[in-house]
$ cat final_9.csv   # CSV, C-alpha atoms
chain,number,residue,atom,x,y,z
G,506,MET,CA,-92.6,67.9,29.6
G,507,LEU,CA,-89.5,66.3,28.0
G,508,ALA,CA,-87.4,67.9,25.3
G,509,ILE,CA,-84.4,66.0,24.0
G,510,ARG,CA,-82.2,67.8,21.5
G,511,GLY,CA,-79.2,66.6,19.6
G,512,LEU,CA,-78.6,63.7,21.9
G,513,SER,CA,-75.7,61.3,21.2
G,514,VAL,CA,-74.2,58.4,23.0
G,515,VAL,CA,-71.0,56.6,21.8
G,516,PHE,CA,-69.7,53.5,23.4
G,517,ASP,CA,-66.1,52.5,22.3
G,518,GLY,CA,-66.8,53.7,18.7
G,519,PHE,CA,-70.4,52.5,18.5
G,520,ARG,CA,-73.1,55.1,18.0
G,521,ALA,CA,-75.9,53.9,20.2
G,522,ILE,CA,-77.7,57.3,20.0
G,523,ASP,CA,-77.0,59.5,17.0
G,524,GLY,CA,-78.4,63.0,17.2
G,525,ILE,CA,-81.9,62.3,18.5
G,526,ASP,CA,-84.5,65.1,18.8
G,527,LEU,CA,-87.6,64.1,20.7
G,528,THR,CA,-90.4,66.1,22.4
G,529,VAL,CA,-93.0,64.5,24.8
G,530,ARG,CA,-95.9,66.6,25.8
G,531,GLU,CA,-97.4,66.7,29.2
G,532,GLY,CA,-100.3,64.2,29.6
G,533,GLU,CA,-99.2,62.2,26.6
G,534,LEU,CA,-99.1,58.4,26.4
G,535,ARG,CA,-96.1,57.9,24.0
G,536,PHE,CA,-94.8,54.6,22.7
G,537,LEU,CA,-91.2,54.1,21.6
G,538,ILE,CA,-90.7,51.3,19.2
G,539,GLY,CA,-87.9,50.0,17.0
G,540,PRO,CA,-85.8,46.9,16.2
G,541,ASN,CA,-83.4,45.4,18.7
G,542,GLY,CA,-80.4,47.7,19.0
G,543,ALA,CA,-82.3,50.8,17.9
G,544,GLY,CA,-81.3,52.7,21.0
G,545,LYS,CA,-84.5,52.7,23.0
G,546,THR,CA,-83.2,51.5,26.3
G,547,THR,CA,-80.1,53.7,26.0
G,548,LEU,CA,-82.3,56.7,25.5
G,549,VAL,CA,-84.2,55.9,28.7
G,550,ASP,CA,-80.9,55.3,30.5
G,551,VAL,CA,-79.8,58.8,29.6
G,552,VAL,CA,-83.0,60.4,30.7
G,553,THR,CA,-82.8,58.6,34.1
G,554,GLY,CA,-79.1,59.4,34.6
G,555,LEU,CA,-77.9,55.9,34.3
G,556,THR,CA,-75.8,56.7,31.2
G,557,ARG,CA,-74.1,60.0,30.5
G,558,PRO,CA,-74.5,61.2,26.9
G,559,THR,CA,-71.6,62.1,24.6
G,560,GLY,CA,-73.5,65.3,23.6
G,561,GLY,CA,-76.9,66.9,23.5
G,562,SER,CA,-79.5,68.2,26.0
G,563,VAL,CA,-82.3,66.6,28.0
G,564,VAL,CA,-84.7,69.2,29.5
G,565,PHE,CA,-87.4,67.9,31.9
G,566,ALA,CA,-90.2,70.4,32.9
G,567,GLY,CA,-87.9,73.3,32.0
G,568,ARG,CA,-84.8,71.9,33.8
G,569,GLU,CA,-81.6,70.5,32.2
G,570,ILE,CA,-81.0,67.1,33.7
G,571,VAL,CA,-77.9,66.0,31.8
G,572,GLY,CA,-75.2,65.7,34.5
G,573,ARG,CA,-77.6,65.1,37.4
G,574,ARG,CA,-77.4,62.0,39.5
G,575,GLU,CA,-80.1,59.3,39.3
G,576,HIS,CA,-81.6,60.1,42.7
G,577,GLN,CA,-81.8,63.8,41.8
G,578,ILE,CA,-83.7,63.0,38.6
G,579,VAL,CA,-86.1,60.7,40.6
G,580,ARG,CA,-86.8,63.6,43.0
G,581,LEU,CA,-87.5,65.9,40.1
G,582,GLY,CA,-90.4,63.6,39.2
G,583,ILE,CA,-89.2,60.9,36.8
G,584,GLY,CA,-89.9,57.3,37.6
G,585,ARG,CA,-88.8,54.2,35.7
G,586,THR,CA,-89.5,50.5,35.5
G,587,PHE,CA,-87.1,47.9,34.0
G,588,GLN,CA,-87.7,44.8,31.7
G,589,THR,CA,-87.5,42.6,34.8
G,590,ALA,CA,-89.7,43.9,37.6
G,591,VAL,CA,-87.6,45.1,40.7
G,592,VAL,CA,-89.6,44.5,43.9
G,593,PHE,CA,-88.8,43.5,47.4
G,594,GLU,CA,-89.8,39.9,47.4
G,595,GLU,CA,-89.9,39.3,51.1
G,596,LEU,CA,-92.2,42.2,51.8
G,597,THR,CA,-95.9,42.2,51.1
G,598,VAL,CA,-97.5,44.1,48.2
G,599,GLU,CA,-98.7,46.8,50.6
G,600,GLU,CA,-95.3,47.1,52.2
G,601,ASN,CA,-93.6,47.5,48.8
G,602,VAL,CA,-96.0,50.4,47.9
G,603,ASP,CA,-95.8,51.9,51.4
G,604,LEU,CA,-92.0,51.9,51.2
G,605,ALA,CA,-92.1,53.6,47.8
G,606,ALA,CA,-94.6,56.2,49.1
G,607,SER,CA,-92.2,57.2,51.9
G,608,PHE,CA,-89.1,57.9,49.8
G,609,ARG,CA,-89.6,61.7,50.1
G,610,MET,CA,-90.2,61.7,53.8
G,611,ARG,CA,-87.5,62.8,56.3
G,612,LEU,CA,-86.7,60.6,59.3
G,613,PRO,CA,-88.8,62.6,61.9
G,614,ALA,CA,-91.8,62.3,59.7
G,615,LEU,CA,-91.2,58.6,59.1
G,616,LEU,CA,-91.0,58.0,62.9
G,617,ARG,CA,-94.3,59.9,63.4
G,618,ARG,CA,-96.2,57.8,60.9
G,619,ARG,CA,-99.2,56.0,62.1
G,620,LYS,CA,-99.5,52.3,61.8
G,621,GLY,CA,-101.9,50.9,59.3
G,622,ARG,CA,-102.6,51.6,55.6
G,623,SER,CA,-102.6,55.2,54.5
G,624,ASP,CA,-105.2,56.6,52.2
G,625,LYS,CA,-102.5,57.2,49.6
G,626,VAL,CA,-101.3,53.6,49.6
G,627,ALA,CA,-104.8,52.3,49.5
G,628,SER,CA,-105.6,54.5,46.5
G,629,VAL,CA,-102.5,53.3,44.6
G,630,LEU,CA,-103.2,49.7,45.3
G,631,ASP,CA,-106.8,50.1,44.1
G,632,ARG,CA,-105.7,51.9,41.0
G,633,ALA,CA,-103.2,49.1,40.1
G,634,GLY,CA,-105.8,46.4,40.8
G,635,LEU,CA,-103.7,45.1,43.7
G,636,LEU,CA,-105.9,45.9,46.7
G,637,ASP,CA,-107.0,42.3,47.1
G,638,LEU,CA,-103.4,41.2,47.1
G,639,ALA,CA,-102.2,43.8,49.6
G,640,GLY,CA,-101.2,41.2,52.2
G,641,GLN,CA,-99.5,38.8,49.8
G,642,ARG,CA,-95.7,38.5,49.7
G,643,ALA,CA,-94.4,40.0,46.5
G,644,GLY,CA,-92.2,37.0,45.8
G,645,VAL,CA,-95.3,34.8,45.1
G,646,LEU,CA,-96.9,37.2,42.6
G,647,SER,CA,-97.3,36.2,39.0
G,648,HIS,CA,-95.2,37.9,36.4
G,649,GLY,CA,-98.0,40.3,35.4
G,650,GLN,CA,-98.8,41.1,39.0
G,651,ARG,CA,-95.2,41.9,39.7
G,652,GLN,CA,-95.2,44.4,36.8
G,653,TRP,CA,-98.3,46.0,38.2
G,654,LEU,CA,-96.7,46.2,41.6
G,655,GLU,CA,-93.7,48.0,40.1
G,656,ILE,CA,-96.0,50.5,38.4
G,657,ALA,CA,-97.9,51.0,41.7
G,658,MET,CA,-94.6,51.7,43.5
G,659,LEU,CA,-93.8,54.4,40.9
G,660,LEU,CA,-97.3,55.9,41.3
G,661,ALA,CA,-96.7,56.0,45.1
G,662,GLN,CA,-93.7,58.3,44.4
G,663,GLU,CA,-95.9,60.7,42.5
G,664,PRO,CA,-93.7,61.1,39.4
G,665,ARG,CA,-94.7,63.5,36.7
G,666,LEU,CA,-93.1,61.3,34.0
G,667,LEU,CA,-93.2,57.5,34.0
G,668,LEU,CA,-90.7,55.6,31.7
G,669,LEU,CA,-91.8,51.9,31.3
G,670,ASP,CA,-89.5,49.4,29.6
G,671,GLU,CA,-91.5,46.6,27.9
G,672,PRO,CA,-94.2,46.4,30.6
G,673,VAL,CA,-96.2,43.6,28.9
G,674,ALA,CA,-93.3,41.3,27.9
G,675,GLY,CA,-94.2,37.7,28.9
G,676,MET,CA,-97.8,38.6,29.9
G,677,SER,CA,-100.9,36.7,28.9
G,678,ARG,CA,-103.5,38.4,26.7
G,679,ALA,CA,-105.7,39.2,29.7
G,680,GLU,CA,-102.7,40.6,31.6
G,681,ARG,CA,-101.8,42.8,28.6
G,682,GLU,CA,-105.4,44.1,28.4
G,683,ARG,CA,-105.3,45.0,32.1
G,684,THR,CA,-102.0,46.7,31.7
G,685,GLY,CA,-103.2,48.7,28.7
G,686,GLU,CA,-106.2,49.9,30.7
G,687,LEU,CA,-103.9,50.8,33.6
G,688,LEU,CA,-101.6,52.8,31.4
G,689,ALA,CA,-104.5,54.7,29.8
G,690,ASP,CA,-105.8,55.5,33.3
G,691,VAL,CA,-102.3,56.6,34.5
G,692,ALA,CA,-101.9,58.9,31.4
G,693,ARG,CA,-105.0,60.9,32.6
G,694,ASP,CA,-102.8,62.6,35.2
G,695,ARG,CA,-99.3,61.6,34.3
G,696,THR,CA,-97.0,61.6,31.3
G,697,VAL,CA,-96.1,58.1,30.2
G,698,LEU,CA,-93.3,56.9,27.8
G,699,VAL,CA,-93.4,53.2,27.0
G,700,ILE,CA,-90.8,51.1,25.3
G,701,GLU,CA,-92.6,48.2,23.7
G,702,HIS,CA,-92.1,45.4,21.1
G,703,ASP,CA,-95.6,43.9,21.2
G,704,MET,CA,-97.1,45.6,18.1
G,705,GLU,CA,-100.6,44.4,18.8
G,706,PHE,CA,-100.4,46.1,22.2
G,707,VAL,CA,-99.0,49.3,20.6
G,708,ARG,CA,-101.7,49.3,17.9
G,709,THR,CA,-104.4,49.0,20.6
G,710,TYR,CA,-103.2,51.6,23.1
G,711,ALA,CA,-100.8,54.1,21.4
G,712,SER,CA,-101.9,57.6,20.6
G,713,THR,CA,-98.4,58.7,19.5
G,714,VAL,CA,-95.6,56.4,18.4
G,715,THR,CA,-91.9,57.3,17.8
G,716,VAL,CA,-89.9,54.8,15.8
G,717,LEU,CA,-86.1,54.6,16.5
G,718,HIS,CA,-83.7,52.9,14.1
G,719,GLU,CA,-79.9,52.9,14.3
G,720,GLY,CA,-79.9,55.5,17.1
G,721,ARG,CA,-82.0,58.0,15.2
G,722,VAL,CA,-85.7,58.9,15.0
G,723,LEU,CA,-87.0,57.3,11.9
G,724,THR,CA,-90.5,58.7,12.0
G,725,GLU,CA,-93.3,59.5,14.5
G,726,GLY,CA,-97.0,60.1,14.6
G,727,ASP,CA,-100.2,58.2,15.1
G,728,MET,CA,-100.2,54.4,14.4
G,729,ALA,CA,-101.8,54.8,11.0
G,730,HIS,CA,-99.0,57.2,9.9
G,731,VAL,CA,-96.3,54.9,11.3
G,732,GLN,CA,-97.6,51.7,9.7
G,733,ALA,CA,-97.9,53.4,6.3
G,734,ASP,CA,-94.3,54.6,6.3
G,735,PRO,CA,-92.2,52.6,3.8
G,736,GLN,CA,-89.1,53.1,5.9
G,737,VAL,CA,-90.7,51.5,8.9
G,738,ARG,CA,-91.6,48.5,6.8
G,739,GLU,CA,-88.1,48.2,5.5
G,740,VAL,CA,-86.6,48.4,9.0
G,741,TYR,CA,-88.9,45.7,10.4
G,742,LEU,CA,-87.8,43.5,7.5
G,743,GLY,CA,-84.3,43.7,8.9
G,744,ARG,CA,-82.2,46.3,7.1
G,745,SER,CA,-78.4,45.8,7.5
G,746,ARG,CA,-76.4,47.9,10.0
G,747,ASP,CA,-73.1,47.3,8.2
G,748,THR,CA,-72.9,50.8,6.8
G,749,ARG,CA,-73.5,52.5,10.1
G,750,ALA,CA,-71.1,50.2,12.0
G,751,ALA,CA,-68.3,51.3,9.6
G,752,GLU,CA,-68.9,55.0,10.2
G,753,PRO,CA,-66.1,56.9,12.1
G,754,ALA,CA,-67.2,57.5,15.7
G,755,ALA,CA,-66.9,60.6,18.0
G,756,VAL,CA,-65.2,60.5,21.3
G,757,GLY,CA,-66.5,57.5,23.3
G,758,ALA,CA,-68.2,57.7,26.7
G,759,GLY,CA,-70.2,55.7,29.1
G,760,PRO,CA,-70.6,52.0,30.0
G,761,ASN,CA,-71.3,49.0,27.6
G,762,PRO,CA,-73.9,49.5,25.0
G,763,GLU,CA,-77.4,48.2,25.4
G,764,GLY,CA,-78.1,44.6,24.6
G,765,ALA,CA,-81.5,43.6,23.4
G,766,ALA,CA,-83.3,46.9,23.2
$ encode --input "final_9.csv" --output "structure tokens"
Amino acid sequence: MLAIRGLSVVFDGFRAIDGIDLTVREGELRFLIGPNGAGKTTLVDVVTGLTRPTGGSVVFAGREIVGRREHQIVRLGIGRTFQTAVVFEELTVEENVDLAASFRMRLPALLRRRKGRSDKVASVLDRAGLLDLAGQRAGVLSHGQRQWLEIAMLLAQEPRLLLLDEPVAGMSRAERERTGELLADVARDRTVLVIEHDMEFVRTYASTVTVLHEGRVLTEGDMAHVQADPQVREVYLGRSRDTRAAEPAAVGAGPNPEGAA
């Protein structure tokens, strides 16, 4: 589904991504973990067209997507959430999902749409556990509910690959459990890549984990393999980045480097 080869991103002499190779199989629920500054969000920014890489290739479903614009990548079937949920607060939950569901429709089709809830919107709301909140204004939702709404909006767009950036940050235990169940359900007919810092959540729901450190893939495999890796233990104890920061950089490109991810 996703094949990343030799990917590099350099910001003003800083190597945010340093030759990453990563393969995500269709139908996989993959977790991407690593310390702050490891390059996780920058990697997702490249896949979604927000950041242009310095070098390397990103192939999605057999198509090279480096150089494509964000909206083109969305239309190919890649959807993304951010650390802070982006919803239309003045619209209802149902209206948010309905709007997302109509993004592929041309104007004549939009004008012919019947009023009332479509089967597709009802199905997505039910899947995300939001059917009872369909008439609520999105601005009054709890933090967890807003995250579920953003995932529902992605599902309404029918992506083949979902990229989720820290979906359980700030959630209660009950909300984390509900989110984990939702992601496991979504992964039955979609491919899901999740950036996450909550290691209890990762241990519970991850089938495959990729660990990034200093812009490189440190290790990957199931959770038992990753936890047993001595390099992973060293990284999570806070290994210094001084050596890497002093390395000579390639030609710089792109906007400012990622902050907390």
$ residues_around --input "final_9.csv" --residues "Leu723 in chain G" --least-positions-apart "3" --cutoff "8 Å" --atoms "only C-alpha atoms" --output "list of chain:residue names"
G:Thr715, G:Val716, G:Leu717, G:His718, G:Gln736, G:Val737
$ atom_distance --input "final_9.csv" --atom1 "CA of Gly649 in chain G" --atom2 "CA of Ala679 in chain G"
9.6 Å
$ closest_residue --input "final_9.csv" --among "G:Glu600, G:Glu725, G:Glu594, G:Glu533" --to "Val626 in chain G" --atoms "all atoms listed in the file"
G:Glu600
$ closest_residue --input "final_9.csv" --among "G:Arg651, G:Arg568, G:Arg665, G:Arg557" --to "Val697 in chain G" --atoms "all atoms listed in the file"
G:Arg665
$ closest_residue --input "final_9.csv" --among "G:Gly511, G:Pro735, G:Gly726, G:Pro540" --to "Thr713 in chain G" --atoms "all atoms listed in the file"
G:Gly726
$ residues_around --input "final_9.csv" --residues "Met676 in chain G" --least-positions-apart "3" --cutoff "10 Å" --atoms "all atoms listed in the file" --output "VMD selection string"
chain G and resid 647 to 650 652 672 to 673 679 to 682 684
$ atom_distance --input "final_9.csv" --atom1 "CA of Gly640 in chain G" --atom2 "CA of Asn601 in chain G"
10.4 Å
$ closest_residue --input "final_9.csv" --among "G:Gly560, G:Gly554, G:Gly675, G:Gly539" --to "Ile525 in chain G" --atoms "all atoms listed in the file"
G:Gly560
$ atom_distance --input "final_9.csv" --atom1 "CA of Asp624 in chain G" --atom2 "CA of Asp637 in chain G"
15.3 Å
$ residues_near_point --input "final_9.csv" --point "(-81.7, 64.2, 24.8)" --cutoff "12 Å" --atoms "only C-alpha atoms" --output "ChimeraX atom specification"
/G:507-514,522-529,545,547-554,556-565,569-572,720-722
$ closest_residue --input "final_9.csv" --among "G:Ser623, G:Thr597, G:Ser607, G:Thr589" --to "Ala643 in chain G" --atoms "all atoms listed in the file"
G:Thr597
$ decode --input "final_9.csv" --residues "range 572-588 of chain G" --atoms "N, CA and C atoms" --output "PDB file, in the first residue's frame"
ATOM      1  N   GLY G 572       5.795  15.214  -5.092  1.00  0.00           N
ATOM      2  CA  GLY G 572       5.566  16.253  -6.082  1.00  0.00           C
ATOM      3  C   GLY G 572       4.110  16.540  -6.348  1.00  0.00           C
ATOM      4  N   ARG G 573       3.211  15.655  -5.896  1.00  0.00           N
ATOM      5  CA  ARG G 573       1.786  15.908  -6.050  1.00  0.00           C
ATOM      6  C   ARG G 573       1.305  16.885  -4.969  1.00  0.00           C
ATOM      7  N   ARG G 574       0.248  17.619  -5.271  1.00  0.00           N
ATOM      8  CA  ARG G 574      -0.315  18.555  -4.310  1.00  0.00           C
ATOM      9  C   ARG G 574      -1.193  17.820  -3.298  1.00  0.00           C
ATOM     10  N   GLU G 575      -1.441  18.506  -2.168  1.00  0.00           N
ATOM     11  CA  GLU G 575      -2.193  17.878  -1.077  1.00  0.00           C
ATOM     12  C   GLU G 575      -3.546  17.352  -1.531  1.00  0.00           C
ATOM     13  N   HIS G 576      -4.305  18.164  -2.273  1.00  0.00           N
ATOM     14  CA  HIS G 576      -5.652  17.734  -2.671  1.00  0.00           C
ATOM     15  C   HIS G 576      -5.591  16.554  -3.643  1.00  0.00           C
ATOM     16  N   GLN G 577      -4.528  16.479  -4.437  1.00  0.00           N
ATOM     17  CA  GLN G 577      -4.375  15.352  -5.346  1.00  0.00           C
ATOM     18  C   GLN G 577      -4.121  14.063  -4.571  1.00  0.00           C
ATOM     19  N   ILE G 578      -3.332  14.170  -3.518  1.00  0.00           N
ATOM     20  CA  ILE G 578      -3.030  13.003  -2.683  1.00  0.00           C
ATOM     21  C   ILE G 578      -4.276  12.536  -1.948  1.00  0.00           C
ATOM     22  N   VAL G 579      -5.090  13.478  -1.472  1.00  0.00           N
ATOM     23  CA  VAL G 579      -6.356  13.127  -0.829  1.00  0.00           C
ATOM     24  C   VAL G 579      -7.241  12.354  -1.804  1.00  0.00           C
ATOM     25  N   ARG G 580      -7.323  12.823  -3.033  1.00  0.00           N
ATOM     26  CA  ARG G 580      -8.182  12.178  -4.022  1.00  0.00           C
ATOM     27  C   ARG G 580      -7.665  10.798  -4.436  1.00  0.00           C
ATOM     28  N   LEU G 581      -6.377  10.561  -4.263  1.00  0.00           N
ATOM     29  CA  LEU G 581      -5.839   9.229  -4.527  1.00  0.00           C
ATOM     30  C   LEU G 581      -6.240   8.228  -3.447  1.00  0.00           C
ATOM     31  N   GLY G 582      -6.632   8.753  -2.265  1.00  0.00           N
ATOM     32  CA  GLY G 582      -7.115   7.850  -1.222  1.00  0.00           C
ATOM     33  C   GLY G 582      -6.336   7.877   0.074  1.00  0.00           C
ATOM     34  N   ILE G 583      -5.693   9.000   0.397  1.00  0.00           N
ATOM     35  CA  ILE G 583      -4.975   9.140   1.666  1.00  0.00           C
ATOM     36  C   ILE G 583      -5.666  10.207   2.504  1.00  0.00           C
ATOM     37  N   GLY G 584      -6.033   9.853   3.730  1.00  0.00           N
ATOM     38  CA  GLY G 584      -6.662  10.797   4.642  1.00  0.00           C
ATOM     39  C   GLY G 584      -5.831  10.948   5.900  1.00  0.00           C
ATOM     40  N   ARG G 585      -5.940  12.110   6.535  1.00  0.00           N
ATOM     41  CA  ARG G 585      -5.075  12.402   7.677  1.00  0.00           C
ATOM     42  C   ARG G 585      -5.821  13.170   8.767  1.00  0.00           C
ATOM     43  N   THR G 586      -5.491  12.859  10.023  1.00  0.00           N
ATOM     44  CA  THR G 586      -5.910  13.696  11.140  1.00  0.00           C
ATOM     45  C   THR G 586      -4.673  14.364  11.733  1.00  0.00           C
ATOM     46  N   PHE G 587      -4.918  15.422  12.521  1.00  0.00           N
ATOM     47  CA  PHE G 587      -3.830  16.155  13.166  1.00  0.00           C
ATOM     48  C   PHE G 587      -3.925  15.979  14.682  1.00  0.00           C
ATOM     49  N   GLN G 588      -2.886  16.446  15.398  1.00  0.00           N
ATOM     50  CA  GLN G 588      -2.864  16.310  16.856  1.00  0.00           C
ATOM     51  C   GLN G 588      -4.044  17.031  17.495  1.00  0.00           C
TER      52      GLN G 588
END
